[in-house]
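Chemist: There's a structure below that I have some questions on.
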Amino acid sequence: MNRRAFVSGLAIAAALAGFAPAPAAADGKRVALVIGNGAYKSVPALSNPPNDAGDIAAALKRLGFAVTLITNGSFDEMRRGLIAFARNAAGADMAAVYFAGHGMEINGDNWLIPVDAELKRDTDAANEAISLRSVMLQVSSTGSLGLVILDACRNNPFAAKMSRSLATRATASNGLGRIEPVGNVLVAYAARDGTTALDGDGRNSPFAAALLRNIEAPGVEVTFMFRNVRDDVMEATRNEQQPFVYGSLSRKAIYLAAPPASTAAATQANATPAAAAPALSAPSATSAGAIDPALVGTWEIMVAGSRGQSRWIWQIMADGTYKFHAEPFRSTQSHEGTVTFANGRWTLHALKGLRNYSDAGSYEIHDSIAVITGKLGTGYWKRSVE
């Protein structure tokens, strides 16, 4: 493992269960439209979407978004809400739309369904539902990120009763269809195209619950945040539901929740690394007093690479030494050396397995999370339960 790869590993921000982040200040105007439809008039009601929407709206407000919340929206309410949102989103730094409720693909187009829709025929969608294409268009003029999040892939009762206008035309399918956003637009589905999502038995759907756990974690780049959501949903549903994100962003790191102010300029894992700083001189010999007892033990972070994710494991010993290895073992090189953790500062010098590498920075302990900062990166280490 070379020096750049080692340092970039410190920039991985994992989802932080139990860690309360500070509110993130918006770098410019942020606007959001949040819709939760459950009280459908022509089909059985959905219990969770209004809860999901209300909770997501509250999280987005904490992240600096000006939020418009629509609960159990009719076609006219959704249409007027989208028009007003489009005016506010023009020129904003970030614009986000979250929709929970029924959504479906009809003849190659995706639709978000209001509570008063009947959809007796496939051709009724244009007059009774909201086109996903129009939603994507409204978030496409932002300076940084246009984001559409859809927990709308549920098994849809509209499809079963809908008549087709022509026998040769495709009928409504399960879930939503595949899309190809352009520009700086990301679209996140609760379940990948052609599959259905679960509504859940608790207050929130599995997707909304995972999103709420991850969306406010500070310093997690937006694409990595959705990877954490994906893993949480697949674990919660025993791999029955796989969220999917469509769209392609530039190398610029984008945050919904900014890194802590003291590390805001730190390099993140999928951002272009800063020019390497001169190697630090090796620290002096360590002693037991140079290790904060709170850091002694095993810590881990998940690191994304070209071959998928790997688990990086650090063992910090009370005698001022450390051991590092990754799982799978071939994903990166194991190494050992000396380390100090004292009075909020740390230093590291590799002695075996990684040549001529030294680094230093600061640290904070928050229960089972260590917030590690250095000259070239910041990362969140989670205490291993093993």
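Residues in the structure tokens are named by chain (A, B, ... in the order shown) and by number from 1 within that chain; ligands are numbered from 1 in the order shown.
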Just the residues within 9 Å of A:Phe226, please, counting only C-alpha atoms, with nothing from its chain fewer than 5 positions along; format it as an NGL selection string.
Modeler: :A and (188 or 211 or 214-215 or 221 or 231 or 243-245)
Chemist: If you count only C-alpha atoms, which residues fall within 12 Å of A:Ser131, apart from same-chain ones fewer than 6 positions away, as a PDB file with N, CA, C and O atoms, in the first residue's frame?
Modeler:
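Okay, this is what ended up in out.pdb:
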```pdb
ATOM      1  N   PHE A  75     -53.317  15.251  -6.834  1.00  0.00           N
ATOM      2  CA  PHE A  75     -52.618  15.614  -8.067  1.00  0.00           C
ATOM      3  C   PHE A  75     -52.385  17.114  -8.132  1.00  0.00           C
ATOM      4  O   PHE A  75     -51.281  17.575  -8.441  1.00  0.00           O
ATOM      5  N   MET A  78     -49.706  18.211  -5.569  1.00  0.00           N
ATOM      6  CA  MET A  78     -48.361  17.832  -5.988  1.00  0.00           C
ATOM      7  C   MET A  78     -47.903  18.676  -7.165  1.00  0.00           C
ATOM      8  O   MET A  78     -46.746  19.115  -7.213  1.00  0.00           O
ATOM      9  N   ARG A  79     -48.798  18.935  -8.105  1.00  0.00           N
ATOM     10  CA  ARG A  79     -48.431  19.743  -9.272  1.00  0.00           C
ATOM     11  C   ARG A  79     -48.051  21.163  -8.854  1.00  0.00           C
ATOM     12  O   ARG A  79     -47.016  21.696  -9.269  1.00  0.00           O
ATOM     13  N   LEU A  82     -44.744  21.223  -6.967  1.00  0.00           N
ATOM     14  CA  LEU A  82     -43.581  21.066  -7.834  1.00  0.00           C
ATOM     15  C   LEU A  82     -43.281  22.358  -8.590  1.00  0.00           C
ATOM     16  O   LEU A  82     -42.111  22.719  -8.780  1.00  0.00           O
ATOM     17  N   GLY A 103     -45.424   4.483  -6.753  1.00  0.00           N
ATOM     18  CA  GLY A 103     -44.854   4.921  -8.016  1.00  0.00           C
ATOM     19  C   GLY A 103     -44.814   3.741  -8.955  1.00  0.00           C
ATOM     20  O   GLY A 103     -44.769   2.587  -8.504  1.00  0.00           O
ATOM     21  N   MET A 104     -44.841   3.985 -10.231  1.00  0.00           N
ATOM     22  CA  MET A 104     -44.870   2.870 -11.168  1.00  0.00           C
ATOM     23  C   MET A 104     -44.366   3.276 -12.542  1.00  0.00           C
ATOM     24  O   MET A 104     -44.370   4.464 -12.903  1.00  0.00           O
ATOM     25  N   GLU A 105     -43.944   2.279 -13.300  1.00  0.00           N
ATOM     26  CA  GLU A 105     -43.567   2.473 -14.702  1.00  0.00           C
ATOM     27  C   GLU A 105     -44.754   2.079 -15.582  1.00  0.00           C
ATOM     28  O   GLU A 105     -45.353   1.020 -15.397  1.00  0.00           O
ATOM     29  N   ILE A 106     -45.090   2.946 -16.515  1.00  0.00           N
ATOM     30  CA  ILE A 106     -46.146   2.656 -17.482  1.00  0.00           C
ATOM     31  C   ILE A 106     -45.620   2.979 -18.866  1.00  0.00           C
ATOM     32  O   ILE A 106     -45.273   4.126 -19.157  1.00  0.00           O
ATOM     33  N   GLY A 108     -42.842   2.581 -20.306  1.00  0.00           N
ATOM     34  CA  GLY A 108     -41.507   3.155 -20.376  1.00  0.00           C
ATOM     35  C   GLY A 108     -41.310   4.443 -19.613  1.00  0.00           C
ATOM     36  O   GLY A 108     -40.178   4.930 -19.506  1.00  0.00           O
ATOM     37  N   ASP A 109     -42.356   5.030 -19.048  1.00  0.00           N
ATOM     38  CA  ASP A 109     -42.250   6.248 -18.252  1.00  0.00           C
ATOM     39  C   ASP A 109     -42.549   5.943 -16.790  1.00  0.00           C
ATOM     40  O   ASP A 109     -43.386   5.089 -16.477  1.00  0.00           O
ATOM     41  N   ASN A 110     -41.880   6.666 -15.893  1.00  0.00           N
ATOM     42  CA  ASN A 110     -42.076   6.483 -14.458  1.00  0.00           C
ATOM     43  C   ASN A 110     -42.973   7.592 -13.911  1.00  0.00           C
ATOM     44  O   ASN A 110     -42.825   8.770 -14.286  1.00  0.00           O
ATOM     45  N   TRP A 111     -43.869   7.212 -12.996  1.00  0.00           N
ATOM     46  CA  TRP A 111     -44.866   8.146 -12.480  1.00  0.00           C
ATOM     47  C   TRP A 111     -44.941   8.059 -10.964  1.00  0.00           C
ATOM     48  O   TRP A 111     -44.891   6.974 -10.383  1.00  0.00           O
ATOM     49  N   LEU A 112     -45.104   9.220 -10.305  1.00  0.00           N
ATOM     50  CA  LEU A 112     -45.358   9.313  -8.876  1.00  0.00           C
ATOM     51  C   LEU A 112     -46.861   9.546  -8.711  1.00  0.00           C
ATOM     52  O   LEU A 112     -47.428  10.455  -9.318  1.00  0.00           O
ATOM     53  N   ILE A 113     -47.505   8.746  -7.872  1.00  0.00           N
ATOM     54  CA  ILE A 113     -48.967   8.687  -7.882  1.00  0.00           C
ATOM     55  C   ILE A 113     -49.571   9.460  -6.712  1.00  0.00           C
ATOM     56  O   ILE A 113     -49.289   9.158  -5.543  1.00  0.00           O
ATOM     57  N   PRO A 114     -50.406  10.458  -6.996  1.00  0.00           N
ATOM     58  CA  PRO A 114     -51.115  11.190  -5.944  1.00  0.00           C
ATOM     59  C   PRO A 114     -52.179  10.317  -5.290  1.00  0.00           C
ATOM     60  O   PRO A 114     -52.565   9.270  -5.821  1.00  0.00           O
ATOM     61  N   ALA A 125     -52.356   8.173 -16.822  1.00  0.00           N
ATOM     62  CA  ALA A 125     -51.229   8.625 -16.005  1.00  0.00           C
ATOM     63  C   ALA A 125     -50.852  10.075 -16.300  1.00  0.00           C
ATOM     64  O   ALA A 125     -50.530  10.843 -15.383  1.00  0.00           O
ATOM     65  N   LEU A 137     -36.117  17.183 -14.084  1.00  0.00           N
ATOM     66  CA  LEU A 137     -35.861  18.443 -14.772  1.00  0.00           C
ATOM     67  C   LEU A 137     -35.809  19.605 -13.781  1.00  0.00           C
ATOM     68  O   LEU A 137     -34.979  20.514 -13.910  1.00  0.00           O
ATOM     69  N   GLN A 138     -36.674  19.586 -12.769  1.00  0.00           N
ATOM     70  CA  GLN A 138     -36.734  20.704 -11.823  1.00  0.00           C
ATOM     71  C   GLN A 138     -35.510  20.787 -10.926  1.00  0.00           C
ATOM     72  O   GLN A 138     -35.236  21.851 -10.370  1.00  0.00           O
ATOM     73  N   LEU A 176     -40.188   0.655 -10.409  1.00  0.00           N
ATOM     74  CA  LEU A 176     -39.897   1.741 -11.336  1.00  0.00           C
ATOM     75  C   LEU A 176     -38.925   1.267 -12.397  1.00  0.00           C
ATOM     76  O   LEU A 176     -38.183   0.300 -12.194  1.00  0.00           O
TER      77      LEU A 176
END
```
Chemist: Name the closest residue to A:Arg80 among the candidates A:Arg238, A:Lys323, A:Ala208, A:Leu33; distances are taken between atoms, counting only C-alpha atoms.
Modeler: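 Among A:Arg238, A:Lys323, A:Ala208, A:Leu33, it is A:Leu33 that comes nearest to A:Arg80.
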Chemist: How far is it from atom CA of A:Thr71 to atom CA of A:Arg203, in Å with one decimal?
Modeler: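 Result for atom CA of A:Thr71 versus atom CA of A:Arg203: 15.4 Å, one decimal.
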Chemist: Would you please work out which residue, of A:Val185, A:Asp76, A:Leu198, A:Ala59, is nearest to A:Asn127 when using only C-alpha atoms?
Modeler: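 So, comparing all the options, the nearest one is A:Asp76.
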Chemist: Quick one: residues within 8 Å of A:His335, only C-alpha atoms, excluding same-chain residues fewer than 4 positions away - as a PyMOL selection string?
Modeler: chain A and resi 323-325+350-354
Chemist: Can you spit out the residues from that selection as a tab-separated table (two decimals), in the first residue's frame, using N, CA, C and O atoms?
Modeler:
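Result saved to part_1.tsv:
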```tsv
chain	number	residue	atom	x	y	z
A	323	LYS	N	-0.79	-2.58	14.96
A	323	LYS	CA	-0.79	-3.54	13.86
A	323	LYS	C	-1.99	-3.24	12.98
A	323	LYS	O	-3.08	-2.94	13.48
A	324	PHE	N	-1.78	-3.32	11.68
A	324	PHE	CA	-2.85	-3.05	10.73
A	324	PHE	C	-2.97	-4.20	9.75
A	324	PHE	O	-1.97	-4.73	9.26
A	325	HIS	N	-4.22	-4.60	9.45
A	325	HIS	CA	-4.46	-5.52	8.34
A	325	HIS	C	-5.83	-5.23	7.77
A	325	HIS	O	-6.64	-4.52	8.37
A	350	ALA	N	5.34	4.05	10.48
A	350	ALA	CA	5.36	2.64	10.08
A	350	ALA	C	6.79	2.12	10.10
A	350	ALA	O	7.71	2.75	9.57
A	351	LEU	N	6.98	0.93	10.68
A	351	LEU	CA	8.30	0.32	10.77
A	351	LEU	C	8.41	-0.96	9.96
A	351	LEU	O	9.50	-1.38	9.58
A	352	LYS	N	7.27	-1.59	9.68
A	352	LYS	CA	7.29	-2.87	8.98
A	352	LYS	C	6.10	-2.92	8.03
A	352	LYS	O	4.98	-2.62	8.41
A	353	GLY	N	6.36	-3.28	6.77
A	353	GLY	CA	5.31	-3.45	5.79
A	353	GLY	C	5.00	-2.23	4.96
A	353	GLY	O	4.42	-2.33	3.89
A	354	LEU	N	5.35	-1.04	5.44
A	354	LEU	CA	5.10	0.21	4.71
A	354	LEU	C	6.31	1.09	4.94
A	354	LEU	O	6.58	1.53	6.06
```
Chemist: Using only C-alpha atoms, which residue out of A:Cys153, A:Leu212, A:Thr223, A:Glu180 lies closest to A:Asp193?
Modeler: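 Ranked by minimum distance to A:Asp193, first place goes to A:Cys153.
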Chemist: Do you know which residues are at most 9 Å from A:Lys41 counting only C-alpha atoms, after dropping those on the same chain fewer than 6 positions away, and could you put them as a PyMOL selection string?
Modeler: chain A and resi 115-118
Chemist: Rounded to one decimal, what separation in Å do you get between atom CA of A:Glu327 and atom CA of A:Asp292?
Modeler: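 Computing it gives 26.3 Å between the two atoms.
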Chemist: I'd like the neighbourhood of A:Asn239 as a count of residues only, where a residue qualifies if any of its atoms comes within 12 Å (using only C-alpha atoms), though same-chain residues fewer than 3 positions away should be ignored.
Modeler: 13
Chemist: Go through A:Gly64, A:Ile70, A:Ala58, A:Asp124 one by one, measure the shortest atom-to-atom distance of each to A:Gly28 using only C-alpha atoms, and give the residue with the smallest value.
Modeler: A:Gly64
Chemist: Quick one: DSSP strand (DSSP E) residues in stretch 296-366 of chain A, as a compact mmCIF listing (two decimals) with C-alpha atoms, in the first residue's frame?
Modeler:
```txt
# COMPACT_ATOMS: atom_id res chain seq x y z
CA GLY A 297 -8.11 -1.80 21.45
CA THR A 298 -9.28 -2.73 17.96
CA TRP A 299 -10.79 -0.19 15.55
CA GLU A 300 -12.14 -0.54 12.02
CA ILE A 301 -13.28 1.44 8.99
CA MET A 302 -14.86 0.31 5.70
CA VAL A 303 -12.91 1.43 2.63
CA ALA A 304 -14.24 1.42 -0.94
CA GLY A 305 -11.84 0.43 -3.71
CA GLY A 308 -15.27 -3.44 -3.80
CA GLN A 309 -15.27 -2.64 -0.10
CA SER A 310 -12.64 -3.85 2.32
CA ARG A 311 -12.51 -3.75 6.10
CA TRP A 312 -9.45 -2.06 7.57
CA ILE A 313 -8.61 -3.11 11.11
CA TRP A 314 -6.27 -1.29 13.50
CA GLN A 315 -5.00 -2.80 16.73
CA ILE A 316 -3.67 -0.12 19.10
CA THR A 321 2.69 -0.01 18.94
CA TYR A 322 0.04 -0.80 16.34
CA LYS A 323 -0.79 -3.54 13.86
CA PHE A 324 -2.85 -3.05 10.73
CA HIS A 325 -4.46 -5.52 8.34
CA ALA A 326 -7.34 -5.52 5.89
CA GLU A 327 -10.04 -8.02 5.01
CA HIS A 335 1.91 -3.05 8.33
CA GLU A 336 3.09 -2.36 11.89
CA GLY A 337 4.81 0.48 13.70
CA THR A 338 4.69 2.94 16.57
CA VAL A 339 1.85 5.27 17.44
CA THR A 340 1.07 7.88 20.08
CA PHE A 341 -2.34 9.11 21.24
CA ALA A 342 -2.22 11.74 23.97
CA ARG A 345 -2.96 14.55 19.27
CA TRP A 346 -1.61 11.46 17.52
CA THR A 347 1.47 10.47 15.55
CA LEU A 348 2.25 7.35 13.55
CA HIS A 349 5.41 5.87 12.09
CA ALA A 350 5.36 2.64 10.08
CA LEU A 351 8.30 0.32 10.77
CA LYS A 352 7.29 -2.87 8.98
CA SER A 358 4.82 8.98 9.09
CA ASP A 359 1.75 11.05 9.81
CA ALA A 360 0.16 13.06 12.62
CA GLY A 361 -3.08 14.77 13.52
CA SER A 362 -5.76 15.13 16.19
CA TYR A 363 -8.39 12.83 17.66
CA GLU A 364 -11.62 12.89 19.65
CA ILE A 365 -13.45 10.02 21.31
CA HIS A 366 -17.24 9.73 21.18
```
Chemist: Just list the residues in stretch 47-249 of chain A DSSP gives alpha helix (DSSP H) on the backbone, as a PyMOL selection string.
Modeler: chain A and resi 49-62+75-89+125-128+132-138+157-161+206-214+222-236
Chemist: From the set A:Leu63, A:Ala190, A:Ile83, A:Val220, which residue has the shortest atom-to-atom contact distance to A:Asp151, counting only C-alpha atoms?
Modeler: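 With only C-alpha atoms as the atom set, the closest residue is A:Ala190.
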Chemist: For each of A:Phe99, A:Ala257, A:Val222, A:Asn88, take the minimum atom-to-atom distance to A:Arg62, counting only C-alpha atoms, then give the residue where this is smallest.
Modeler: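 Closest to A:Arg62, using only C-alpha atoms: A:Ala257.
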Chemist: Take atom CA of A:Gly200 and atom CA of A:Ile179 and report the distance between them in Å, one decimal.
Modeler: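 If I compute the distance from atom CA of A:Gly200 to atom CA of A:Ile179, I get 25.5 Å.
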